[in-house]
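What's in structure29.txt: compact mmCIF, C-alpha atoms
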```
# COMPACT_ATOMS: atom_id res chain seq x y z
CA MET A 44 -5.62 2.22 4.54
CA CYS A 45 -5.93 5.93 3.93
CA LEU A 46 -9.45 7.24 3.78
CA ALA A 47 -10.71 8.59 0.47
CA ILE A 48 -12.15 11.92 1.54
CA PRO A 49 -13.69 13.91 -1.33
CA ALA A 50 -12.26 17.42 -1.57
CA ARG A 51 -13.95 20.19 -3.57
CA ILE A 52 -11.85 22.35 -5.85
CA ILE A 53 -12.43 25.98 -4.95
CA GLU A 54 -9.73 27.72 -6.99
CA LEU A 55 -7.30 26.89 -9.78
CA THR A 56 -4.01 28.49 -8.76
CA GLY A 57 -1.97 27.92 -11.94
CA ASP A 58 0.77 25.44 -12.91
CA ASP A 59 -1.66 22.51 -12.58
CA ASN A 60 -2.31 23.37 -8.92
CA ALA A 61 -5.55 24.05 -7.10
CA ARG A 62 -6.91 25.00 -3.71
CA VAL A 63 -9.38 22.48 -2.29
CA ASP A 64 -11.78 22.36 0.63
CA LEU A 65 -11.88 19.22 2.79
CA GLY A 66 -14.69 19.65 5.28
CA GLY A 67 -13.60 23.24 5.96
CA VAL A 68 -9.84 22.60 5.78
CA ARG A 69 -8.19 24.40 2.84
CA LYS A 70 -5.21 22.82 1.09
CA GLU A 71 -3.10 23.52 -1.96
CA ILE A 72 -2.76 20.42 -4.15
CA SER A 73 -1.44 19.33 -7.55
CA LEU A 74 -3.80 18.38 -10.37
CA ALA A 75 -0.99 16.74 -12.40
CA LEU A 76 -2.51 13.25 -12.08
CA VAL A 77 -6.06 14.05 -13.24
CA ASP A 78 -7.47 15.31 -16.51
CA GLY A 79 -9.63 18.39 -16.90
CA ALA A 80 -10.45 19.15 -13.26
CA GLN A 81 -12.41 22.39 -12.79
CA VAL A 82 -13.61 24.56 -9.93
CA GLY A 83 -16.52 22.80 -8.24
CA ASP A 84 -15.28 19.27 -9.10
CA TYR A 85 -14.60 16.77 -6.36
CA VAL A 86 -11.27 14.94 -6.17
CA ILE A 87 -9.69 12.34 -3.91
CA VAL A 88 -6.46 13.76 -2.47
CA HIS A 89 -3.34 11.95 -1.26
CA VAL A 90 -0.06 13.55 -0.15
CA GLY A 91 -0.69 16.74 -2.08
CA PHE A 92 -1.96 15.15 -5.31
CA ALA A 93 -5.50 14.79 -6.60
CA LEU A 94 -5.63 11.05 -7.38
CA SER A 95 -8.98 10.88 -9.13
CA LYS A 96 -12.12 12.88 -9.88
CA LEU A 97 -15.54 11.80 -8.76
CA ASP A 98 -18.92 13.19 -9.67
CA ALA A 99 -20.76 15.43 -7.27
CA GLU A 100 -23.43 12.85 -6.50
CA GLU A 101 -20.82 10.18 -5.63
CA ALA A 102 -18.90 12.68 -3.51
CA GLU A 103 -22.00 13.78 -1.60
CA ARG A 104 -22.90 10.14 -1.01
CA THR A 105 -19.43 9.36 0.35
CA LEU A 106 -19.42 12.45 2.58
CA ALA A 107 -22.88 11.50 3.87
CA LEU A 108 -21.59 8.01 4.70
CA PHE A 109 -18.64 9.46 6.60
CA ALA A 110 -21.00 11.77 8.49
CA GLU A 111 -23.34 8.87 9.28
CA ALA A 112 -20.37 6.87 10.58
CA GLY A 113 -19.33 9.76 12.82
CA ILE A 114 -16.10 10.49 10.94
CA ASP A 115 -14.99 14.08 11.35
CA VAL A 116 -13.76 14.80 7.82
CA ALA A 117 -11.93 17.98 8.85
CA ALA A 118 -10.11 16.17 11.68
CA ALA A 119 -9.21 13.26 9.39
CA ALA A 120 -7.84 15.73 6.82
CA GLU A 121 -5.80 17.53 9.48
CA ALA A 122 -4.52 14.19 10.84
CA GLY A 123 -3.09 13.36 7.47
CA ALA A 124 -5.56 10.83 6.17
CA ALA A 125 -5.98 12.91 3.05
CA SER A 126 -2.98 15.15 3.32
CA MET B 357 -10.81 6.54 17.41
CA SER B 358 -8.78 6.59 14.24
CA ILE B 359 -10.70 5.39 11.23
CA SER B 360 -7.89 5.64 8.73
CA GLY B 361 -5.00 4.63 10.97
CA ARG B 362 -1.61 6.20 11.51
CA LEU B 363 1.82 4.77 12.14
CA ARG B 364 4.50 6.30 14.33
CA LEU B 365 7.91 4.64 14.24
CA SER B 366 10.10 5.81 17.12
CA ILE B 367 13.79 5.02 17.04
CA ASP B 368 16.20 5.43 19.94
CA VAL B 369 19.70 5.74 18.45
CA ASP B 370 23.09 5.95 20.12
CA ARG B 371 26.29 6.45 18.12
CA GLY B 372 24.71 5.09 14.96
CA ARG B 373 23.22 2.02 16.62
CA VAL B 374 19.52 1.54 17.18
CA ARG B 375 19.05 0.86 20.88
CA ARG B 376 15.29 0.57 20.84
CA ALA B 377 12.47 0.94 18.33
CA ARG B 378 8.72 1.13 18.75
CA VAL B 379 5.76 0.97 16.41
CA GLU B 380 2.59 2.79 17.41
CA ASN B 381 -0.06 1.59 15.03
CA SER B 382 -3.52 3.09 15.43
CA ARG B 383 -4.81 0.54 13.00
CA PRO B 384 -7.73 1.39 10.76
CA LEU B 385 -11.14 0.54 12.08
CA ALA B 386 -12.95 1.21 8.85
CA ALA B 387 -14.13 -2.42 8.51
CA HIS B 388 -16.61 -1.75 11.31
CA LEU B 389 -18.40 0.68 9.01
CA LEU B 390 -19.47 -2.24 6.82
CA ALA B 391 -21.27 -4.14 9.58
CA GLY B 392 -25.04 -3.88 9.54
CA ARG B 393 -25.24 -3.01 5.84
CA ARG B 394 -26.80 -4.88 2.99
CA VAL B 395 -24.30 -6.83 0.91
CA ASP B 396 -24.32 -4.56 -2.17
CA GLU B 397 -24.13 -1.48 0.02
CA ALA B 398 -21.09 -2.92 1.81
CA VAL B 399 -19.29 -3.58 -1.50
CA ALA B 400 -19.93 -0.02 -2.70
CA LEU B 401 -18.77 1.38 0.62
CA ALA B 402 -15.57 -0.72 0.67
CA SER B 403 -14.67 0.68 -2.77
CA ALA B 404 -15.42 4.27 -1.78
CA LEU B 405 -13.75 4.42 1.63
CA PHE B 406 -10.10 4.01 0.73
CA SER B 407 -7.98 6.33 -1.39
CA LEU B 408 -5.01 4.12 -2.33
CA CYS B 409 -6.51 0.65 -2.53
CA GLY B 410 -10.19 1.29 -3.34
CA HIS B 411 -10.25 -1.15 -6.25
CA ALA B 412 -8.55 -3.92 -4.23
CA GLN B 413 -10.93 -3.30 -1.31
CA GLY B 414 -13.90 -3.34 -3.66
CA LEU B 415 -12.81 -6.61 -5.26
CA GLY B 416 -11.98 -8.13 -1.85
CA ALA B 417 -15.44 -7.21 -0.55
CA ARG B 418 -17.25 -8.47 -3.64
CA LEU B 419 -15.40 -11.83 -3.63
CA CYS B 420 -15.75 -12.28 0.11
CA LEU B 421 -19.45 -11.43 0.29
CA ASP B 422 -20.32 -13.51 -2.78
CA ALA B 423 -18.51 -16.42 -1.14
CA ALA B 424 -20.43 -15.84 2.10
CA LEU B 425 -23.67 -16.01 0.11
CA GLY B 426 -22.48 -19.12 -1.74
CA ARG B 427 -22.57 -17.27 -5.08
CA ALA B 428 -20.03 -17.69 -7.88
CA PRO B 429 -17.76 -14.64 -8.22
CA GLY B 430 -19.36 -13.80 -11.58
CA ASP B 431 -18.02 -10.70 -13.20
CA ALA B 432 -16.17 -9.65 -10.04
CA LEU B 433 -12.98 -11.13 -11.44
CA GLY B 434 -13.25 -8.64 -14.31
CA ARG B 435 -12.23 -6.07 -11.73
CA ARG B 436 -8.72 -7.57 -11.57
CA ARG B 437 -7.64 -5.21 -14.34
CA SER B 438 -8.49 -2.22 -12.11
CA VAL B 439 -6.67 -3.77 -9.15
CA VAL B 440 -3.53 -4.43 -11.22
CA ALA B 441 -3.59 -0.82 -12.49
CA GLU B 442 -3.86 0.39 -8.89
CA LEU B 443 -0.93 -1.86 -7.86
CA ALA B 444 1.23 -0.44 -10.66
CA GLN B 445 0.33 3.14 -9.69
CA GLU B 446 1.52 2.50 -6.14
CA HIS B 447 4.81 0.90 -7.24
CA LEU B 448 5.44 3.81 -9.62
CA TRP B 449 4.84 6.33 -6.84
CA ARG B 450 7.52 4.67 -4.73
CA LEU B 451 9.97 4.13 -7.61
CA LEU B 452 9.62 7.47 -9.42
CA ILE B 453 8.87 9.88 -6.56
CA ASP B 454 9.47 8.62 -3.01
CA TRP B 455 12.74 6.68 -3.42
CA PRO B 456 14.47 9.31 -5.58
CA GLU B 457 13.49 11.99 -3.03
CA LEU B 458 14.75 9.91 -0.09
CA LEU B 459 18.10 9.27 -1.81
CA GLY B 460 18.64 12.83 -3.05
CA MET B 461 17.93 12.05 -6.70
CA PRO B 462 15.49 14.05 -8.84
CA ALA B 463 11.89 12.84 -8.58
CA ARG B 464 10.44 11.93 -11.99
CA ARG B 465 7.18 13.83 -11.70
CA SER B 466 6.21 14.16 -15.34
CA ALA B 467 6.93 10.50 -16.19
CA PHE B 468 4.97 9.49 -13.09
CA ALA B 469 2.03 11.77 -13.91
CA ALA B 470 1.81 10.45 -17.49
CA LEU B 471 1.83 6.80 -16.40
CA HIS B 472 -0.50 7.43 -13.47
CA ARG B 473 -3.04 8.93 -15.88
CA GLN B 474 -2.72 5.99 -18.28
CA LEU B 475 -3.26 3.56 -15.40
CA ALA B 476 -6.19 5.59 -14.05
CA ALA B 477 -7.90 5.11 -17.42
CA VAL B 478 -7.29 1.34 -17.13
CA ALA B 479 -8.58 1.28 -13.53
CA ALA B 480 -11.71 3.16 -14.60
CA GLN B 481 -12.13 0.66 -17.47
CA ARG B 482 -11.81 3.41 -20.08
CA ALA B 483 -8.66 1.79 -21.52
CA GLU B 484 -7.25 -1.75 -21.73
CA GLN B 485 -3.56 -0.88 -21.54
CA ALA B 486 -1.13 1.66 -20.12
CA PRO B 487 1.05 2.03 -23.23
CA GLU B 488 4.23 3.17 -21.45
CA LEU B 489 4.17 0.70 -18.55
CA ALA B 490 6.24 -2.08 -20.13
CA ALA B 491 8.91 0.39 -21.28
CA MET B 492 9.16 1.85 -17.78
CA ALA B 493 9.53 -1.65 -16.27
CA ALA B 494 12.27 -2.44 -18.83
CA GLU B 495 14.25 0.60 -17.62
CA ALA B 496 15.07 -1.42 -14.49
CA GLY B 497 17.40 -3.77 -16.40
CA LEU B 498 16.26 -6.82 -14.44
CA SER B 499 14.89 -9.05 -17.18
CA ASP B 500 18.26 -10.32 -18.47
CA PHE B 501 19.83 -10.91 -15.07
CA ALA B 502 20.19 -14.66 -14.68
CA GLY B 503 22.30 -14.68 -11.51
CA GLY B 504 25.45 -13.31 -9.93
CA SER B 505 26.45 -11.04 -7.08
CA ALA B 506 24.65 -7.95 -5.81
CA ALA B 507 27.40 -5.88 -7.42
CA ASP B 508 26.77 -7.60 -10.77
CA LEU B 509 23.09 -6.78 -10.45
CA ALA B 510 23.83 -3.13 -9.60
CA THR B 511 26.04 -2.90 -12.71
CA ALA B 512 23.31 -4.38 -14.94
CA CYS B 513 20.72 -2.00 -13.48
CA ARG B 514 22.97 1.05 -13.84
CA ARG B 515 23.41 0.38 -17.58
CA ALA B 516 19.69 -0.06 -18.27
CA GLY B 517 17.95 3.27 -17.66
CA ALA B 518 16.87 5.81 -15.09
CA LEU B 519 14.87 3.28 -13.06
CA GLY B 520 17.87 0.94 -13.06
CA GLN B 521 20.09 3.77 -11.85
CA LEU B 522 17.75 4.31 -8.92
CA LEU B 523 17.85 0.57 -8.11
CA ALA B 524 21.67 0.58 -8.26
CA ARG B 525 21.73 3.49 -5.81
CA VAL B 526 19.32 1.66 -3.49
CA ILE B 527 21.54 -1.47 -3.61
CA GLU B 528 24.54 0.68 -2.61
CA ARG B 529 22.81 2.69 0.09
CA ALA B 530 20.01 0.67 1.71
CA PRO B 531 20.69 -0.95 5.09
CA ARG B 532 21.76 -4.60 5.11
CA THR B 533 20.50 -7.31 7.41
CA PRO B 534 22.49 -10.28 8.73
CA PHE B 535 19.53 -12.67 8.54
CA ALA B 536 16.94 -13.67 5.97
CA PRO B 537 13.44 -12.23 6.30
CA ALA B 538 10.61 -14.63 7.21
CA LEU B 539 8.35 -14.42 4.18
CA LEU B 540 4.64 -15.19 4.01
CA PRO B 541 3.99 -17.86 1.36
CA ASP B 542 1.42 -17.11 -1.34
CA LEU B 543 -1.59 -18.65 0.38
CA GLY B 544 -5.12 -18.50 -0.96
CA ALA B 545 -8.49 -17.97 0.64
CA ASP B 546 -8.97 -21.74 1.05
CA HIS B 547 -5.92 -21.87 3.30
CA TRP B 548 -7.05 -18.98 5.49
CA GLY B 549 -10.57 -20.36 5.71
CA ARG B 550 -9.12 -23.60 7.12
CA ALA B 551 -6.35 -22.05 9.22
CA LEU B 552 -8.29 -19.35 11.06
CA PRO B 553 -10.49 -20.32 14.01
CA GLY B 554 -14.10 -19.87 12.88
CA GLY B 555 -12.92 -19.45 9.29
CA MET B 556 -12.35 -15.72 9.43
CA PRO B 557 -9.94 -13.29 11.09
CA ASP B 558 -10.76 -12.38 14.69
CA GLU B 559 -9.80 -9.08 16.35
CA ARG B 560 -6.48 -10.47 17.54
CA PHE B 561 -5.52 -11.71 14.08
CA CYS B 562 -6.46 -8.35 12.57
CA ARG B 563 -4.10 -6.63 15.00
CA ARG B 564 -1.29 -9.18 14.91
CA PRO B 565 -1.59 -11.53 11.96
CA GLU B 566 0.70 -14.56 12.06
CA HIS B 567 1.48 -17.59 9.94
CA GLN B 568 2.13 -20.83 11.83
CA GLY B 569 2.47 -18.88 15.07
CA ALA B 570 4.99 -16.30 13.88
CA PRO B 571 4.99 -12.94 12.10
CA ALA B 572 5.79 -13.01 8.40
CA GLU B 573 6.44 -10.47 5.68
CA THR B 574 3.97 -9.93 2.87
CA GLY B 575 4.47 -7.90 -0.31
CA ALA B 576 6.48 -7.87 -3.50
CA LEU B 577 9.56 -9.40 -1.87
CA ALA B 578 7.62 -12.41 -0.61
CA ARG B 579 6.00 -12.87 -4.02
CA CYS B 580 9.24 -12.49 -6.00
CA ALA B 581 11.58 -14.30 -3.58
CA THR B 582 12.71 -16.91 -6.10
CA ARG B 583 13.47 -14.48 -8.96
CA ALA B 584 17.17 -14.18 -9.82
CA PRO B 585 17.69 -10.50 -8.87
CA VAL B 586 15.99 -11.00 -5.50
CA VAL B 587 17.89 -14.23 -4.80
CA ALA B 588 21.19 -12.44 -5.53
CA LEU B 589 20.36 -9.61 -3.12
CA LEU B 590 19.04 -11.80 -0.31
CA ALA B 591 22.16 -13.98 -0.49
CA GLU B 592 24.24 -10.94 0.55
CA GLY B 593 21.87 -9.50 3.16
CA HIS B 594 20.36 -6.80 0.93
CA ALA B 595 16.80 -7.44 2.10
CA CYS B 596 15.85 -3.76 2.05
CA ALA B 597 17.09 -3.24 -1.51
CA ALA B 598 15.51 -6.56 -2.54
CA ARG B 599 12.10 -5.14 -1.58
CA VAL B 600 12.58 -2.22 -3.95
CA VAL B 601 13.87 -4.44 -6.76
CA ALA B 602 10.88 -6.75 -6.20
CA ARG B 603 8.57 -3.76 -6.79
CA ALA B 604 10.24 -3.18 -10.16
CA LEU B 605 9.76 -6.89 -10.97
CA GLU B 606 6.08 -6.60 -10.09
CA LEU B 607 5.81 -3.56 -12.33
CA SER B 608 6.94 -5.77 -15.16
CA ASP B 609 4.47 -8.46 -14.05
CA ALA B 610 1.67 -5.86 -14.01
CA ALA B 611 2.43 -4.94 -17.62
CA GLY B 612 2.20 -8.66 -18.48
CA TRP B 613 -1.05 -9.13 -16.56
CA LEU B 614 -2.69 -6.23 -18.35
CA ALA B 615 -1.43 -7.47 -21.72
CA GLY B 616 -2.23 -11.13 -21.51
CA GLY B 617 -4.20 -12.60 -18.62
CA PHE B 618 -3.70 -12.78 -14.91
CA ASP B 619 -1.54 -15.88 -14.36
CA GLY B 620 0.05 -15.62 -10.94
CA PHE B 621 -2.10 -12.70 -9.81
CA ARG B 622 -3.86 -13.62 -6.57
CA ALA B 623 -7.55 -12.75 -6.21
CA ASP B 624 -9.68 -15.56 -4.81
CA ALA B 625 -12.32 -16.41 -2.26
CA ALA B 626 -13.68 -19.35 -0.31
CA THR B 627 -16.98 -20.19 1.33
CA VAL B 628 -15.99 -21.35 4.80
CA ALA B 629 -19.43 -22.24 6.08
CA GLU B 630 -22.96 -21.09 5.38
CA GLY B 631 -22.89 -17.30 5.56
CA ILE B 632 -19.13 -17.03 6.05
CA GLY B 633 -16.75 -16.00 3.28
CA ILE B 634 -13.12 -15.03 3.05
CA SER B 635 -11.12 -13.47 0.23
CA CYS B 636 -7.47 -12.77 -0.64
CA VAL B 637 -6.46 -10.01 -3.04
CA GLN B 638 -2.90 -9.15 -4.00
CA THR B 639 -1.99 -5.46 -3.65
CA ALA B 640 1.19 -3.43 -4.00
CA ARG B 641 1.87 -3.81 -0.27
CA GLY B 642 0.96 -7.48 0.02
CA VAL B 643 -2.02 -9.65 0.67
CA LEU B 644 -5.34 -8.04 1.59
CA LEU B 645 -7.64 -10.39 3.52
CA HIS B 646 -11.36 -9.80 3.93
CA GLY B 647 -13.63 -11.98 6.05
CA ALA B 648 -17.39 -11.62 6.43
CA ARG B 649 -20.34 -13.25 8.14
CA VAL B 650 -23.68 -12.57 6.49
CA VAL B 651 -27.06 -13.14 8.14
CA GLU B 652 -30.29 -12.68 6.18
CA GLY B 653 -28.62 -10.61 3.45
CA LYS B 654 -26.91 -8.24 5.89
CA VAL B 655 -23.30 -8.07 7.03
CA ALA B 656 -23.23 -9.26 10.64
CA ASP B 657 -19.46 -9.11 11.03
CA TYR B 658 -16.70 -7.77 8.79
CA ARG B 659 -12.91 -7.98 9.17
CA ILE B 660 -10.10 -6.59 7.04
CA VAL B 661 -6.43 -7.55 7.51
CA ALA B 662 -4.23 -5.05 5.66
CA PRO B 663 -0.64 -5.86 4.63
CA THR B 664 0.66 -3.19 7.03
CA GLU B 665 -0.48 -5.29 9.99
CA TRP B 666 1.84 -8.10 8.88
CA ASN B 667 4.88 -5.97 8.15
CA PHE B 668 4.59 -3.66 11.17
CA HIS B 669 3.60 -6.43 13.60
CA PRO B 670 5.10 -5.78 17.08
CA ALA B 671 7.57 -8.63 16.47
CA GLY B 672 7.57 -8.32 12.71
CA VAL B 673 10.03 -7.54 9.97
CA PHE B 674 10.32 -3.77 10.45
CA LEU B 675 11.19 -4.00 14.12
CA LYS B 676 13.54 -6.96 13.60
CA GLU B 677 15.48 -5.26 10.84
CA VAL B 678 15.54 -1.77 12.33
CA ALA B 679 17.03 -3.26 15.52
CA VAL B 680 20.22 -4.30 13.69
CA ILE B 681 20.89 -0.95 12.00
CA HIS B 682 24.46 0.15 12.69
CA ALA B 683 25.37 3.33 10.82
CA ALA B 684 28.17 5.91 10.93
CA SER B 685 26.05 8.45 12.80
CA ASP B 686 22.68 8.86 14.47
CA ALA B 687 21.42 10.80 11.45
CA ALA B 688 22.54 7.98 9.13
CA ALA B 689 20.81 5.43 11.37
CA LEU B 690 17.55 7.39 11.17
CA ASP B 691 17.97 7.66 7.42
CA ALA B 692 18.40 3.86 7.23
CA ALA B 693 15.24 3.42 9.33
CA ARG B 694 13.35 5.67 6.88
CA GLN B 695 14.59 3.56 3.97
CA LEU B 696 13.45 0.41 5.71
CA ALA B 697 10.01 1.93 6.41
CA LEU B 698 9.64 3.09 2.81
CA ALA B 699 10.72 -0.34 1.51
CA LEU B 700 7.93 -1.90 3.59
CA ASP B 701 5.61 0.98 2.66
CA PRO B 702 2.91 1.36 5.33
CA CYS B 703 -0.54 2.00 3.90
CA VAL B 704 -1.23 4.84 6.33
CA SER B 705 0.60 8.09 6.92
CA TRP B 706 3.83 7.42 8.79
CA GLU B 707 6.84 9.12 10.27
CA VAL B 708 10.15 7.98 11.73
CA ASP B 709 11.14 9.97 14.82
CA ALA B 710 14.20 9.94 17.03
CA GLU B 711 13.05 9.49 20.61
CA GLN B 712 13.80 12.59 22.68
CA GLU B 713 16.31 10.98 24.98
CA ALA B 714 18.23 9.73 21.98
CA VAL B 715 18.98 13.17 20.59
CA HIS B 716 22.63 14.00 21.23
CA ALA B 717 23.99 17.48 21.12
```
Re-express the file's structure as structure tokens.
Amino acid sequence: MCLAIPARIIELTGDDNARVDLGGVRKEISLALVDGAQVGDYVIVHVGFALSKLDAEEAERTLALFAEAGIDVAAAAEAGAAS
Amino acid sequence: MSISGRLRLSIDVDRGRVRRARVENSRPLAAHLLAGRRVDEAVALASALFSLCGHAQGLGARLCLDAALGRAPGDALGRRRSVVAELAQEHLWRLLIDWPELLGMPARRSAFAALHRQLAAVAAQRAEQAPELAAMAAEAGLSDFAGGSAADLATACRRAGALGQLLARVIERAPRTPFAPALLPDLGADHWGRALPGGMPDERFCRRPEHQGAPAETGALARCATRAPVVALLAEGHACAARVVARALELSDAAGWLAGGFDGFRADAATVAEGIGISCVQTARGVLLHGARVVEGKVADYRIVAPTEWNFHPAGVFLKEVAVIHAASDAAALDAARQLALALDPCVSWEVDAEQEAVHA
């Protein structure tokens, strides 16, 4: 049950790819599975693909829940939960 | 503590034979995050926590908590459409990306991306149908197969389309097993409510779920075990390939469910006792069980049993079948182990490693 960690798009790098930030961890991902993602949007990432977009409010709420539960988002991202 | 879980499959090989295999499963502990929350909060959290099965988790939580409160499921069952779309997305990922890559065939990224987007619109309830899903399922060439040998099936698949050609390659290449897999029957929430002590999964069951005292396999193979292509493969020991073919059958089922009702799609719940509910939801990897105890409108106890716990049980199907791998080389044995792992498809990140002492110069 992979965790759905919201990642924020920080740069569109061309060819339907983007750089995202997951709690301080930067990753290059594909946007091929989502429509119209822009810099600043939040996406759920799995094995190098953005699976879905979520609005900023929803993303902040989810990140706050993870923080409240003591989940280190950066460590989870590095461990592969959202790789 | 690992919240999301991780699976390490270590294989000790010697001259193409597996001497020893181990599963290290840091199983997800995310269910604990739901305890102490109000019921509606817990449902929202269950949907938001998981990347691959969020809709199934959300439906499982809704059904289970409504049952605990003694409420009718109401519009929760309307969410089945989203869960079916999610199931089809997972099967497509395996069939169009992961299996081709593992077998040295070209991954079908653009076809996958187009269908994934169509299904995402269905899951988000912005569309009723994924227009290309039925055509993709038909590419497998399974619908006209009424019986015959595994070779007959491979021939029928090869003639049908690109998906069929992948299945034919899997039938040729996947490891074979000299015994039949023990399959979990399609049991509903009523059964589990009666069978489990206290009416819901305890910690031990979450770690090592069993049916009638023994491990059992859940997933597409168990659900499609009586279908002609699967019967033909199992009769000749092609259990690994049968799992992949069963995914293609379920893809076809998913197209049917989205088009015309949900006959045969499992999503149900039972009230076990006052304040205790249990639910069963079918997912791409198998049955997802949720159990909850609610006290004064708050979740006092929450348990989730994911399909991976059944299939990677310490005496379960992966370890039984990996133990009988006998390949031409150590590298081929590891490759067979990877195929077996992908066929069973853990829901957490996984890797198959050769144990150090097993590496031969």
Exercise for review: Using all atoms listed in the file, find the one residue out of B:Leu365, B:Leu698, B:Leu644, B:Met461 that sits nearest to chain A.
Suggested key: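 The shortest atom-to-atom distance to chain A comes from B:Leu644.
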Practice item. In the coordinate frame of the file, compute which residues have an atom within 12 Å of (0.5, -14.7, 0.6) when using all atoms listed in the file, and state them as number ranges by chain. Key: B: 539-548, 565-567, 572-581, 620-624, 635-639, 641-645, 662-663, 666
Create the file for the chosen residues now, containing C-alpha atoms and written as a PDB file, in the coordinates of the input.
```
ATOM      1  CA  LEU B 539       8.350 -14.420   4.180  1.00  0.00           C
ATOM      2  CA  LEU B 540       4.640 -15.190   4.010  1.00  0.00           C
ATOM      3  CA  PRO B 541       3.990 -17.860   1.360  1.00  0.00           C
ATOM      4  CA  ASP B 542       1.420 -17.110  -1.340  1.00  0.00           C
ATOM      5  CA  LEU B 543      -1.590 -18.650   0.380  1.00  0.00           C
ATOM      6  CA  GLY B 544      -5.120 -18.500  -0.960  1.00  0.00           C
ATOM      7  CA  ALA B 545      -8.490 -17.970   0.640  1.00  0.00           C
ATOM      8  CA  ASP B 546      -8.970 -21.740   1.050  1.00  0.00           C
ATOM      9  CA  HIS B 547      -5.920 -21.870   3.300  1.00  0.00           C
ATOM     10  CA  TRP B 548      -7.050 -18.980   5.490  1.00  0.00           C
ATOM     11  CA  PRO B 565      -1.590 -11.530  11.960  1.00  0.00           C
ATOM     12  CA  GLU B 566       0.700 -14.560  12.060  1.00  0.00           C
ATOM     13  CA  HIS B 567       1.480 -17.590   9.940  1.00  0.00           C
ATOM     14  CA  ALA B 572       5.790 -13.010   8.400  1.00  0.00           C
ATOM     15  CA  GLU B 573       6.440 -10.470   5.680  1.00  0.00           C
ATOM     16  CA  THR B 574       3.970  -9.930   2.870  1.00  0.00           C
ATOM     17  CA  GLY B 575       4.470  -7.900  -0.310  1.00  0.00           C
ATOM     18  CA  ALA B 576       6.480  -7.870  -3.500  1.00  0.00           C
ATOM     19  CA  LEU B 577       9.560  -9.400  -1.870  1.00  0.00           C
ATOM     20  CA  ALA B 578       7.620 -12.410  -0.610  1.00  0.00           C
ATOM     21  CA  ARG B 579       6.000 -12.870  -4.020  1.00  0.00           C
ATOM     22  CA  CYS B 580       9.240 -12.490  -6.000  1.00  0.00           C
ATOM     23  CA  ALA B 581      11.580 -14.300  -3.580  1.00  0.00           C
ATOM     24  CA  GLY B 620       0.050 -15.620 -10.940  1.00  0.00           C
ATOM     25  CA  PHE B 621      -2.100 -12.700  -9.810  1.00  0.00           C
ATOM     26  CA  ARG B 622      -3.860 -13.620  -6.570  1.00  0.00           C
ATOM     27  CA  ALA B 623      -7.550 -12.750  -6.210  1.00  0.00           C
ATOM     28  CA  ASP B 624      -9.680 -15.560  -4.810  1.00  0.00           C
ATOM     29  CA  SER B 635     -11.120 -13.470   0.230  1.00  0.00           C
ATOM     30  CA  CYS B 636      -7.470 -12.770  -0.640  1.00  0.00           C
ATOM     31  CA  VAL B 637      -6.460 -10.010  -3.040  1.00  0.00           C
ATOM     32  CA  GLN B 638      -2.900  -9.150  -4.000  1.00  0.00           C
ATOM     33  CA  THR B 639      -1.990  -5.460  -3.650  1.00  0.00           C
ATOM     34  CA  ARG B 641       1.870  -3.810  -0.270  1.00  0.00           C
ATOM     35  CA  GLY B 642       0.960  -7.480   0.020  1.00  0.00           C
ATOM     36  CA  VAL B 643      -2.020  -9.650   0.670  1.00  0.00           C
ATOM     37  CA  LEU B 644      -5.340  -8.040   1.590  1.00  0.00           C
ATOM     38  CA  LEU B 645      -7.640 -10.390   3.520  1.00  0.00           C
ATOM     39  CA  ALA B 662      -4.230  -5.050   5.660  1.00  0.00           C
ATOM     40  CA  PRO B 663      -0.640  -5.860   4.630  1.00  0.00           C
ATOM     41  CA  TRP B 666       1.840  -8.100   8.880  1.00  0.00           C
TER      42      TRP B 666
END
```
Check your understanding: Interatomic distance between atom CA of B:Val650 and atom CA of B:Gly631?
Key ->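 Separating atom CA of B:Val650 from atom CA of B:Gly631 is a distance of 4.9 Å.
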**Study point:** Gap from atom CA of B:Ala570 to atom CA of B:Leu696 - Å, one decimal
**Key:** 20.4 Å
Review point. For chain B, which residue among A:Cys45, A:Val90, A:Asp64, A:Ala117 is the nearest when counting only C-alpha atoms?
Key: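 With only C-alpha atoms as the atom set, the closest residue is A:Cys45.
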Practice item. Identify which of the residues A:Ala93, A:Glu103, A:Ala47, A:Ile52 lies closest to A:Val77, counting all atoms listed in the file when measuring atom-to-atom distances. Key: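 That would be A:Ala93, the residue with the smallest distance to A:Val77.
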Revision key, fill the gap. A straight line from atom CA of A:Leu55 to atom CA of A:Asp84 spans 11.1 Å
Review point. What residues in chain B lie within 10 Å of chain A, counting only C-alpha atoms, written as number ranges by chain?
Key: B: 357-362, 383-386, 388-390, 400-401, 403-410, 413, 465-466, 468-474, 476, 480, 662-664, 702-706
Exercise for review: Return the single residue from B:Pro429, B:Gly612, B:Gly434, B:Pro531 that is closest to B:Ala494, with distances computed using all atoms listed in the file.
Suggested key: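 Ranking B:Pro429, B:Gly612, B:Gly434, B:Pro531 by distance to B:Ala494, first place goes to B:Gly612.
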**Study point:** Surrounding residues of stretch 507-523 of chain B excluding itself and chain neighbours under 3 positions, 9 Å, all atoms listed in the file, as a list in words
**Key:**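 That gives Leu451, Leu452, Trp455, Pro456, Leu459, Met461, Met492, Ala493, Ala494, Glu495, Ala496, Gly497, Leu498, Asp500, Phe501, Gly503, Gly504, Val526, Ile527, Glu528, Pro585, Ala588, Leu589, Ala597, Val600, Val601 and Ala604 of chain B.
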Practice item. Counting all atoms listed in the file, figure out which residue out of A:Glu100, A:Glu71, A:Tyr85, A:Val116 gets nearest to A:Arg51. Key: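 Using all atoms listed in the file, the shortest distance to A:Arg51 belongs to A:Tyr85.
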